[in-house]
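input_20.txt, holding compact mmCIF, C-alpha atoms and all ligand atoms:
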```txt
# COMPACT_ATOMS: atom_id res chain seq x y z
CA MET A 2 85.23 24.94 95.49
CA THR A 3 81.71 25.93 94.44
CA THR A 4 79.04 23.35 93.73
CA SER A 5 79.17 24.37 90.03
CA GLU A 6 82.91 23.64 89.98
CA GLN A 7 82.39 20.27 91.68
CA LEU A 8 79.66 19.34 89.22
CA TYR A 9 81.79 20.36 86.27
CA ARG A 10 84.64 18.12 87.50
CA GLU A 11 82.20 15.21 87.50
CA ALA A 12 80.59 16.22 84.22
CA VAL A 13 83.80 16.14 82.19
CA LYS A 14 84.39 12.53 83.26
CA TYR A 15 81.23 11.34 81.59
CA MET A 16 80.42 13.80 78.79
CA PRO A 17 82.74 15.42 76.23
CA ALA A 18 83.73 18.77 77.80
CA GLY A 19 80.99 18.08 80.34
CA VAL A 20 78.21 19.35 78.08
CA ASN A 21 75.62 18.24 75.57
CA SER A 22 75.98 21.24 73.26
CA PRO A 23 79.43 22.77 72.63
CA VAL A 24 78.90 26.48 73.30
CA ARG A 25 77.74 25.71 76.84
CA ALA A 26 81.29 24.74 77.78
CA PHE A 27 82.39 28.43 77.94
CA ARG A 28 85.40 27.67 75.70
CA SER A 29 85.15 30.96 73.82
CA VAL A 30 84.94 33.18 76.92
CA GLY A 31 87.12 31.17 79.28
CA GLY A 32 86.15 30.16 82.79
CA GLN A 33 83.75 27.37 83.61
CA PRO A 34 80.08 26.85 82.90
CA VAL A 35 77.62 27.65 85.67
CA PHE A 36 75.11 24.94 86.59
CA MET A 37 71.61 26.34 86.92
CA ALA A 38 69.09 25.03 89.40
CA ARG A 39 65.92 27.04 88.91
CA GLY A 40 64.41 29.83 86.92
CA GLU A 41 61.74 32.38 87.66
CA GLY A 42 60.61 35.07 85.27
CA ALA A 43 63.58 37.09 84.05
CA HIS A 44 66.01 35.38 86.44
CA MET A 45 67.71 32.09 87.04
CA GLU A 46 69.54 30.79 90.08
CA ASP A 47 72.60 28.55 90.03
CA VAL A 48 73.35 25.55 92.23
CA ASP A 49 75.33 27.82 94.59
CA GLY A 50 72.41 30.19 95.12
CA ASN A 51 73.69 33.03 92.88
CA ARG A 52 70.96 34.86 91.02
CA TYR A 53 71.27 36.10 87.42
CA LEU A 54 69.28 38.33 85.13
CA ASP A 55 69.06 36.02 82.12
CA PHE A 56 69.69 37.39 78.62
CA CYS A 57 70.29 33.92 77.17
CA GLY A 58 66.75 32.64 77.70
CA SER A 59 67.76 29.04 76.97
CA TRP A 60 69.02 30.32 73.59
CA GLY A 61 65.71 31.67 72.44
CA PRO A 62 62.64 29.69 73.49
CA LEU A 63 61.83 31.59 76.69
CA ILE A 64 60.15 34.69 75.27
CA LEU A 65 57.85 34.74 78.33
CA GLY A 66 60.73 34.18 80.74
CA HIS A 67 61.24 31.17 82.98
CA ARG A 68 58.31 29.17 84.32
CA HIS A 69 55.55 31.38 83.03
CA PRO A 70 52.54 30.28 85.12
CA LYS A 71 50.32 29.62 82.08
CA VAL A 72 52.93 27.40 80.48
CA GLN A 73 53.74 25.57 83.68
CA GLU A 74 50.04 24.93 84.37
CA ALA A 75 49.46 23.67 80.85
CA VAL A 76 52.37 21.21 81.03
CA GLU A 77 51.51 20.00 84.52
CA GLY A 78 47.88 19.55 83.51
CA VAL A 79 48.83 17.41 80.55
CA VAL A 80 51.43 15.13 82.12
CA ARG A 81 48.89 13.96 84.69
CA ASN A 82 47.24 12.08 81.82
CA GLY A 83 50.43 10.83 80.16
CA TRP A 84 53.08 12.57 78.12
CA THR A 85 53.32 10.49 74.99
CA PHE A 86 51.02 8.10 73.19
CA GLY A 87 52.43 7.82 69.69
CA THR A 88 48.94 8.57 68.38
CA PRO A 89 47.38 11.83 67.29
CA VAL A 90 46.33 14.06 70.22
CA SER A 91 44.05 17.09 70.26
CA LEU A 92 46.81 19.48 71.32
CA GLU A 93 48.59 18.91 68.00
CA VAL A 94 45.47 20.05 66.19
CA ASP A 95 45.19 23.11 68.45
CA LEU A 96 48.79 24.20 67.91
CA ALA A 97 48.73 23.45 64.17
CA LYS A 98 45.50 25.44 63.78
CA MET A 99 46.95 28.33 65.73
CA VAL A 100 50.15 28.63 63.67
CA VAL A 101 48.38 28.12 60.33
CA GLU A 102 45.81 30.77 61.22
CA LYS A 103 48.36 33.23 62.53
CA LEU A 104 51.32 32.79 60.16
CA ALA A 105 50.61 33.75 56.57
CA PRO A 106 53.25 31.57 54.81
CA LEU A 107 51.86 28.41 56.43
CA GLU A 108 48.97 26.54 54.89
CA MET A 109 50.08 23.30 56.51
CA VAL A 110 52.63 22.42 59.14
CA ARG A 111 54.44 19.37 60.47
CA PHE A 112 55.88 19.23 63.97
CA VAL A 113 59.29 17.75 64.75
CA ASN A 114 61.50 17.79 67.84
CA SER A 115 64.14 20.42 67.11
CA GLY A 116 65.10 23.28 64.85
CA THR A 117 67.72 21.07 63.23
CA GLU A 118 65.06 18.59 62.20
CA ALA A 119 62.78 21.37 60.97
CA ALA A 120 65.39 22.85 58.62
CA MET A 121 66.65 19.42 57.52
CA SER A 122 63.15 18.16 56.75
CA ALA A 123 62.17 21.35 54.90
CA ILE A 124 65.24 20.99 52.69
CA ARG A 125 64.47 17.32 52.02
CA LEU A 126 60.99 18.38 51.00
CA ALA A 127 62.40 21.08 48.71
CA ARG A 128 64.65 18.49 47.09
CA GLY A 129 61.82 16.00 46.72
CA TYR A 130 59.50 18.65 45.35
CA THR A 131 61.91 20.18 42.83
CA GLY A 132 63.82 17.01 41.91
CA ARG A 133 67.09 18.95 42.35
CA ASP A 134 69.94 18.20 44.77
CA HIS A 135 71.84 21.40 45.47
CA VAL A 136 71.22 23.85 48.27
CA LEU A 137 72.31 27.44 48.78
CA LYS A 138 73.16 28.72 52.23
CA PHE A 139 74.79 31.90 53.49
CA SER A 140 77.94 32.06 55.55
CA GLY A 141 77.20 32.88 59.16
CA CYS A 142 73.71 31.38 58.96
CA TYR A 143 73.07 28.37 61.16
CA HIS A 144 70.39 25.85 60.33
CA GLY A 145 71.28 23.14 62.84
CA HIS A 146 73.94 20.47 62.62
CA VAL A 147 72.79 18.68 59.48
CA ASP A 148 75.73 17.17 57.54
CA TYR A 149 75.41 19.09 54.29
CA LEU A 150 74.80 22.37 56.15
CA LEU A 151 78.06 22.21 58.11
CA VAL A 152 79.97 23.72 55.22
CA GLU A 153 82.00 26.77 54.44
CA ALA A 154 82.64 28.46 51.14
CA GLY A 155 85.05 26.59 48.91
CA SER A 156 88.38 28.21 48.19
CA GLY A 157 89.03 30.35 45.14
CA LEU A 158 86.33 30.42 42.54
CA ALA A 159 84.67 27.17 43.59
CA THR A 160 81.06 27.91 44.35
CA PHE A 161 80.28 24.74 46.18
CA GLY A 162 81.33 24.17 49.74
CA THR A 163 83.81 22.24 51.81
CA ALA A 164 82.94 20.56 55.11
CA SER A 165 83.38 22.64 58.27
CA SER A 166 83.14 19.59 60.55
CA ALA A 167 85.04 16.33 60.50
CA GLY A 168 82.70 13.49 59.71
CA VAL A 169 80.95 15.34 56.91
CA PRO A 170 81.86 13.69 53.60
CA GLU A 171 83.10 16.18 50.99
CA ASP A 172 80.55 14.66 48.63
CA PHE A 173 77.78 15.99 50.88
CA ALA A 174 79.44 19.40 51.27
CA ARG A 175 79.69 19.72 47.50
CA LEU A 176 75.92 19.77 47.30
CA THR A 177 75.85 23.03 49.23
CA ALA A 178 76.76 26.39 47.74
CA THR A 179 77.77 29.03 50.28
CA MET A 180 77.53 32.77 49.72
CA PRO A 181 78.39 35.71 51.95
CA LEU A 182 75.33 37.66 53.09
CA ASP A 183 74.74 41.20 51.82
CA ASP A 184 76.41 40.57 48.45
CA LEU A 185 73.82 41.34 45.81
CA ALA A 186 76.16 41.11 42.81
CA GLY A 187 77.50 37.73 44.00
CA LEU A 188 73.98 36.45 44.46
CA GLU A 189 72.97 37.49 40.93
CA ARG A 190 76.04 35.74 39.55
CA LEU A 191 75.44 32.55 41.52
CA PHE A 192 71.84 32.26 40.35
CA LYS A 193 72.86 32.97 36.79
CA GLU A 194 75.48 30.23 36.86
CA ASN A 195 73.88 27.67 39.16
CA GLY A 196 70.27 28.71 39.77
CA GLU A 197 68.81 25.83 37.81
CA GLN A 198 70.66 23.28 39.95
CA LEU A 199 69.32 24.63 43.24
CA ALA A 200 66.45 22.94 45.05
CA CYS A 201 66.46 25.40 47.87
CA ALA A 202 67.95 28.64 49.14
CA ALA A 203 68.01 28.64 52.93
CA ILE A 204 68.47 31.83 54.89
CA GLU A 205 67.91 32.69 58.53
CA GLY A 206 64.93 35.02 58.84
CA VAL A 207 67.28 37.44 60.50
CA PRO A 208 70.75 35.92 60.75
CA ALA A 209 71.31 35.76 64.51
CA ASN A 210 73.60 32.81 65.17
CA ASN A 211 76.80 34.57 64.18
CA GLY A 212 76.12 38.09 65.31
CA LEU A 213 72.87 39.87 64.54
CA LEU A 214 73.28 40.51 60.82
CA ILE A 215 70.24 42.52 59.81
CA GLN A 216 69.89 42.40 56.04
CA ASP A 217 68.80 45.15 53.69
CA ARG A 218 65.22 44.83 52.55
CA ALA A 219 66.25 45.19 48.88
CA TYR A 220 68.71 42.29 49.23
CA VAL A 221 66.14 39.91 50.70
CA GLN A 222 63.52 40.97 48.18
CA ARG A 223 65.95 40.30 45.32
CA LEU A 224 66.68 36.85 46.77
CA ARG A 225 62.93 36.19 46.70
CA GLU A 226 62.72 37.28 43.04
CA LEU A 227 65.70 35.18 42.00
CA CYS A 228 64.25 32.09 43.68
CA THR A 229 60.98 32.58 41.82
CA GLU A 230 62.77 33.19 38.53
CA TYR A 231 64.87 30.01 38.80
CA GLY A 232 62.27 27.72 40.42
CA VAL A 233 64.21 27.54 43.70
CA MET A 234 62.33 27.03 46.97
CA LEU A 235 63.07 29.85 49.38
CA LEU A 236 63.33 28.53 52.94
CA PHE A 237 63.17 31.10 55.70
CA ASP A 238 64.69 29.48 58.74
CA GLU A 239 62.79 31.31 61.46
CA VAL A 240 63.76 28.90 64.24
CA LEU A 241 65.32 31.83 66.08
CA SER A 242 63.68 34.89 64.50
CA GLY A 243 60.13 33.52 64.60
CA PHE A 244 58.01 35.31 67.24
CA ARG A 245 60.95 37.58 68.01
CA MET A 246 60.33 40.27 65.40
CA PRO A 247 58.07 43.31 65.78
CA GLU A 248 56.03 41.79 62.91
CA VAL A 249 56.20 38.28 64.50
CA LEU A 250 58.10 36.71 61.56
CA ALA A 251 61.20 38.03 59.82
CA CYS A 252 59.70 37.37 56.38
CA GLU A 253 56.95 39.83 57.32
CA HIS A 254 59.61 42.28 58.45
CA TYR A 255 61.15 42.10 54.97
CA GLY A 256 57.79 42.08 53.23
CA ILE A 257 58.27 38.81 51.37
CA THR A 258 56.60 35.40 51.34
CA PRO A 259 58.98 32.45 51.44
CA ASP A 260 58.00 29.06 50.04
CA MET A 261 58.69 27.34 53.33
CA ILE A 262 59.50 28.32 56.87
CA ALA A 263 61.20 26.40 59.65
CA LEU A 264 60.28 27.14 63.24
CA GLY A 265 61.62 26.06 66.62
CA LYS A 266 62.58 27.61 69.95
CA VAL A 267 59.60 29.87 70.88
CA ILE A 268 57.09 27.55 69.21
CA GLY A 269 57.85 24.93 71.87
CA GLY A 270 57.95 27.36 74.78
CA GLY A 271 61.07 25.59 76.11
CA MET A 272 60.09 22.03 75.20
CA PRO A 273 61.75 20.24 72.26
CA VAL A 274 59.59 21.34 69.32
CA GLY A 275 60.36 22.32 65.77
CA ALA A 276 58.02 22.78 62.86
CA TYR A 277 58.16 23.29 59.13
CA GLY A 278 55.52 24.27 56.71
CA GLY A 279 54.44 26.08 53.61
CA LYS A 280 51.87 25.80 50.88
CA ARG A 281 49.45 22.88 51.01
CA GLU A 282 50.48 21.79 47.53
CA VAL A 283 54.11 21.47 48.67
CA MET A 284 53.37 19.96 52.08
CA GLU A 285 51.27 17.22 50.49
CA HIS A 286 54.51 15.73 49.19
CA ILE A 287 55.34 14.56 52.72
CA ALA A 288 54.68 10.92 53.66
CA PRO A 289 52.17 9.37 53.90
CA LEU A 290 50.51 11.63 51.30
CA GLY A 291 53.65 11.92 49.21
CA ASN A 292 57.00 10.24 48.76
CA VAL A 293 59.19 12.52 50.92
CA TYR A 294 59.78 10.53 54.10
CA GLN A 295 59.96 12.19 57.52
CA ALA A 296 58.89 10.79 60.89
CA GLY A 297 59.37 11.11 64.66
CA THR A 298 58.63 8.86 67.65
CA LEU A 299 57.97 11.79 69.97
CA SER A 300 56.88 14.37 67.40
CA GLY A 301 53.78 16.27 68.51
CA ASN A 302 53.83 14.75 72.00
CA PRO A 303 51.24 16.35 74.30
CA ALA A 304 53.67 17.77 76.87
CA ALA A 305 55.61 19.67 74.22
CA MET A 306 52.49 20.76 72.34
CA ALA A 307 50.95 22.06 75.58
CA ALA A 308 54.00 24.21 76.31
CA GLY A 309 54.01 25.59 72.78
CA LEU A 310 50.30 26.26 72.72
CA ALA A 311 50.25 28.02 76.10
CA THR A 312 53.24 30.12 75.01
CA LEU A 313 51.67 31.20 71.74
CA GLN A 314 48.24 31.82 73.30
CA THR A 315 49.88 34.11 75.85
CA TYR A 316 52.00 35.65 73.10
CA TYR A 317 48.96 36.77 71.10
CA GLU A 318 46.68 37.54 74.07
CA THR A 319 49.20 39.86 75.72
CA ASP A 320 50.63 41.39 72.52
CA VAL A 321 54.18 40.31 73.20
CA PRO A 322 55.70 42.26 70.26
CA LYS A 323 54.32 45.48 71.74
CA GLN A 324 55.61 44.67 75.24
CA ILE A 325 59.01 43.88 73.76
CA GLU A 326 59.11 47.16 71.83
CA THR A 327 58.55 49.09 75.07
CA LEU A 328 61.42 47.24 76.75
CA GLY A 329 63.62 47.44 73.68
CA THR A 330 63.18 51.17 73.21
CA HIS A 331 64.05 51.69 76.86
CA LEU A 332 67.23 49.65 76.45
CA ASP A 333 68.15 51.40 73.16
CA LYS A 334 68.04 54.80 74.84
CA ALA A 335 70.05 53.82 77.87
CA LEU A 336 72.72 52.08 75.81
CA ALA A 337 72.94 54.87 73.25
CA SER A 338 74.04 57.26 75.98
CA LEU A 339 76.34 54.71 77.64
CA LEU A 340 78.09 53.88 74.35
CA ALA A 341 78.12 57.37 72.83
CA ASP A 342 81.81 57.85 73.66
CA VAL A 343 82.86 54.22 73.01
CA PRO A 344 83.58 54.05 69.26
CA ASP A 345 84.75 50.44 69.36
CA LEU A 346 81.63 49.00 70.96
CA GLY A 347 78.30 49.12 69.16
CA TYR A 348 74.84 47.80 69.92
CA VAL A 349 72.09 46.75 67.55
CA ARG A 350 68.58 45.46 68.27
CA LEU A 351 65.67 44.09 66.30
CA GLY A 352 62.55 42.94 68.18
CA SER A 353 63.65 40.90 71.18
CA LEU A 354 67.15 40.24 69.80
CA PHE A 355 70.16 42.41 70.49
CA TRP A 356 73.89 42.18 69.95
CA PHE A 357 77.09 44.01 70.82
CA TYR A 358 79.61 44.39 68.01
CA PHE A 359 83.20 45.53 68.23
CA TYR A 360 85.65 47.63 66.22
CA ALA A 361 83.14 48.62 63.54
CA ARG A 362 81.50 51.96 62.82
CA GLU A 363 78.21 50.39 61.82
CA ALA A 364 76.51 47.09 62.52
CA PRO A 365 77.99 44.33 60.32
CA ARG A 366 75.68 42.75 57.76
CA SER A 367 77.81 39.73 56.91
CA ALA A 368 79.90 37.22 58.83
CA GLU A 369 82.95 38.46 56.90
CA ALA A 370 82.41 42.00 58.25
CA ILE A 371 82.76 40.92 61.90
CA ASP A 372 86.13 41.86 63.42
CA GLY A 373 87.91 38.74 64.67
CA ARG A 374 89.15 40.56 67.77
CA CYS A 375 85.62 40.64 69.19
CA GLY A 376 86.05 37.35 71.05
CA GLU A 377 88.72 38.63 73.39
CA ALA A 378 86.95 41.92 74.08
CA TYR A 379 83.65 40.17 74.71
CA ALA A 380 85.21 37.59 77.04
CA ARG A 381 86.31 40.35 79.47
CA ILE A 382 82.88 41.95 79.49
CA HIS A 383 81.14 38.60 79.79
CA ALA A 384 83.13 37.57 82.86
CA ALA A 385 82.60 40.94 84.55
CA LEU A 386 78.84 40.84 83.91
CA LEU A 387 78.57 37.25 85.14
CA SER A 388 80.19 38.28 88.45
CA LYS A 389 77.58 41.07 88.71
CA GLY A 390 74.66 38.68 88.25
CA ILE A 391 74.06 39.24 84.54
CA TYR A 392 73.95 36.09 82.42
CA MET A 393 74.90 36.69 78.78
CA ALA A 394 75.49 33.91 76.24
CA PRO A 395 79.10 32.68 76.52
CA SER A 396 80.21 33.78 73.03
CA ALA A 397 80.70 37.09 71.25
CA TYR A 398 78.80 35.74 68.25
CA GLU A 399 75.58 34.97 70.13
CA VAL A 400 72.75 37.45 70.49
CA GLY A 401 71.01 38.57 73.67
CA PHE A 402 67.33 37.80 74.17
CA LEU A 403 64.73 40.03 75.78
CA ASN A 404 61.64 38.47 77.33
CA THR A 405 58.36 39.77 78.70
CA ALA A 406 59.20 38.85 82.29
CA MET A 407 61.83 41.60 82.23
CA THR A 408 61.01 45.05 83.57
CA THR A 409 62.52 48.38 82.66
CA GLY A 410 64.05 48.21 86.16
CA ASP A 411 65.83 44.97 85.18
CA LEU A 412 67.16 46.66 82.06
CA ASP A 413 68.37 49.62 84.12
CA ARG A 414 70.22 47.19 86.35
CA PHE A 415 71.84 45.69 83.24
CA VAL A 416 72.92 49.11 82.03
CA ARG A 417 74.29 50.03 85.48
CA ALA A 418 76.32 46.81 85.47
CA LEU A 419 77.68 47.75 82.04
CA GLU A 420 78.49 51.22 83.36
CA GLU A 421 80.61 49.61 86.07
CA VAL A 422 82.34 47.44 83.49
CA LYS A 423 83.09 50.60 81.52
CA THR A 424 84.47 52.35 84.63
CA GLU A 425 86.63 49.29 85.34
CA GLY A 426 88.27 49.95 81.96
CA LEU A 427 87.08 46.69 80.38
CA PHE A 428 85.47 48.22 77.29
CA PRO A 429 87.53 48.20 74.09
C1 LIG B 501 68.76 27.10 67.01
C2 LIG B 501 68.63 27.11 65.54
C3 LIG B 501 68.53 25.92 64.79
C4 LIG B 501 68.69 24.57 65.42
O1 LIG B 501 67.69 24.32 66.36
P1 LIG B 501 67.93 23.14 67.43
O2 LIG B 501 66.63 23.09 68.17
O3 LIG B 501 69.08 23.57 68.27
O4 LIG B 501 68.21 21.92 66.67
C5 LIG B 501 68.31 26.01 63.44
N1 LIG B 501 68.20 27.19 62.83
C6 LIG B 501 68.29 28.36 63.51
C7 LIG B 501 68.13 29.64 62.78
C8 LIG B 501 68.53 28.34 64.88
O5 LIG B 501 68.66 29.50 65.54
```
Show how you would write the structure in this file as structure tokens.
Amino acid sequence: MTTSEQLYREAVKYMPAGVNSPVRAFRSVGGQPVFMARGEGAHMEDVDGNRYLDFCGSWGPLILGHRHPKVQEAVEGVVRNGWTFGTPVSLEVDLAKMVVEKLAPLEMVRFVNSGTEAAMSAIRLARGYTGRDHVLKFSGCYHGHVDYLLVEAGSGLATFGTASSAGVPEDFARLTATMPLDDLAGLERLFKENGEQLACAAIEGVPANNGLLIQDRAYVQRLRELCTEYGVMLLFDEVLSGFRMPEVLACEHYGITPDMIALGKVIGGGMPVGAYGGKREVMEHIAPLGNVYQAGTLSGNPAAMAAGLATLQTYYETDVPKQIETLGTHLDKALASLLADVPDLGYVRLGSLFWFYFYAREAPRSAEAIDGRCGEAYARIHAALLSKGIYMAPSAYEVGFLNTAMTTGDLDRFVRALEEVKTEGLFP
């Protein structure tokens, strides 16, 4: 038995399915989770000494790869003096100044500890600001595990949602309208019928938690117009897309300005950080200036702020979007030739995010357009890649992440591994 297997046996005794976040349990690809011991650059090593090229990147934060020296130094330097005070610290000012100066939609920002909190708090603010209760979300978009966001579209003609998790009261779910993505006519209709009830429309900058569902520019721009027309706050949840687009933010990619954005993942450089922000006039409704309450014992703690600041400083100093484009273009070319004669396996990339889709002639733009048979096909490829030292997220619906520690040589190794998988007859 491997050390990973031994650890997993222990883990399941004390934690549900042995994990602290469900997808880590490998349920959708089969097999058992691998316990990691250390990371370095583009690679991580498990407790049994196996080395992997890492396309999961801790689910998004590690845009500079594992243990980037600047980030490690910054965190180590800070913790020598203490890692939380529960008072303001200068690093909060530095990181806030940096994101407000760099990100156009932000005039003010508040830091929290996770992407879930960022989206939840932004929506509370939208409700407080507009005095309305209802929220619009899009199926396939993930905004964290907030009660009223764990909903799916209601059956039949009902616009408002039903809970997708036990423990979420139907009364909460009813406050959330759910729409498929990429449905312009449906969107027009929903705003016409319910627009005046909506406090907020929340959309992932680029939906990337249920496949990589790149939206048409015209669709997103129309959503922006409808929100303005009906007095609805447009929340771009850029927890995943933020700092992963060629234009840095997805809203810039689509050429629109949302009312609020939520950030997470990259902004903490691998520490628990989320952030939300928007116009000063809106943000001043947050306590203690305004009556929308939101707080956090560890929010803005120096260790987390140091990791985020060092990550973003490096991001801008070394022009990460440009580095990523070089890597991405290299990967696009290699995969285009590998997949040219595989009609049932497609690849799509935007910035540092990529995704394989199955049984479709073009990249899906809505959750409904994803073929349900993808899970089985992906599971075979996932297991084969894992055995060849390539770590992909353990679900067909999760994207792959590029980072700047990767080299074109690493990407060639990835493509060679995929070539072997193809030769082994494991492609659909
Ligand atoms: C990951 C993610 C979240 C939740 O962030 P956590 O830090 O896991 O709470 C919210 N929204 C989007 C778009 C995400 O990708």
Near A:Val76, within 6 Å and counting only C-alpha atoms, which residues show up once chain neighbours fewer than 5 positions away are dropped, as a short mmCIF file (atom, residue, chain, number, x, y, z; two decimals) with C-alpha atoms, in the frame of the given file?
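This went into part_23.cif:
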```cif
data_model
loop_
_atom_site.label_atom_id
_atom_site.label_comp_id
_atom_site.auth_asym_id
_atom_site.auth_seq_id
_atom_site.Cartn_x
_atom_site.Cartn_y
_atom_site.Cartn_z
CA ALA A 304 53.67 17.77 76.87
CA ALA A 307 50.95 22.06 75.58
CA ALA A 308 54.00 24.21 76.31
#
```
- What is the distance between atom CA of A:Ala75 and atom CA of A:Gln324, in Å to one decimal?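 Between these atoms lies a distance of 22.6 Å.
Atom CA of A:Tyr277 is found 7.1 Å from atom CA of A:Met261.
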Residues of chain A that approach ligand LIG 501 (chain B) to 8 Å or less, counting only C-alpha atoms and all ligand atoms: could you list each one with the shortest pair of atoms and its distance in Å to one decimal, rows by chain and increasing residue number, as a tab-separated table?
```
residue	atom	partner	partner_atom	distance
A:Trp60	CA	B:LIG501	C1	7.3
A:Gly61	CA	B:LIG501	C1	7.7
A:Asn114	CA	B:LIG501	O2	7.4
A:Ser115	CA	B:LIG501	O2	3.8
A:Gly116	CA	B:LIG501	O1	3.2
A:Thr117	CA	B:LIG501	O4	3.6
A:Glu118	CA	B:LIG501	O4	6.4
A:Ala119	CA	B:LIG501	C5	7.6
A:Ala120	CA	B:LIG501	C5	6.5
A:Cys142	CA	B:LIG501	C7	7.0
A:Tyr143	CA	B:LIG501	N1	5.3
A:His144	CA	B:LIG501	N1	3.6
A:Gly145	CA	B:LIG501	C4	3.9
A:His146	CA	B:LIG501	O4	7.2
A:Glu205	CA	B:LIG501	C7	5.2
A:Gly206	CA	B:LIG501	C7	7.4
A:Pro208	CA	B:LIG501	C7	7.1
A:Ala209	CA	B:LIG501	O5	6.9
A:Asn210	CA	B:LIG501	O5	6.0
A:Asp238	CA	B:LIG501	C7	5.3
A:Glu239	CA	B:LIG501	C7	5.7
A:Val240	CA	B:LIG501	C6	4.6
A:Leu241	CA	B:LIG501	O5	4.1
A:Ser242	CA	B:LIG501	C7	7.1
A:Ala263	CA	B:LIG501	N1	7.7
A:Leu264	CA	B:LIG501	N1	7.9
A:Gly265	CA	B:LIG501	O2	6.0
A:Lys266	CA	B:LIG501	O2	6.3
A:Pro273	CA	B:LIG501	O2	7.0
A:Val274	CA	B:LIG501	O2	7.3
A:Gly275	CA	B:LIG501	O2	6.8
```
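Comparing the minimum interatomic distances between A:Cys375 and each of A:Ser5, A:Ser396, A:Thr315, A:Ser338, counting all atoms listed in the file, we find that A:Ser396 sits nearest.
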- Taking all atoms listed in the file into account, which of A:Asp411, A:Glu93, A:Asp134, A:Glu77 comes nearest A:Ala200? A:Asp134
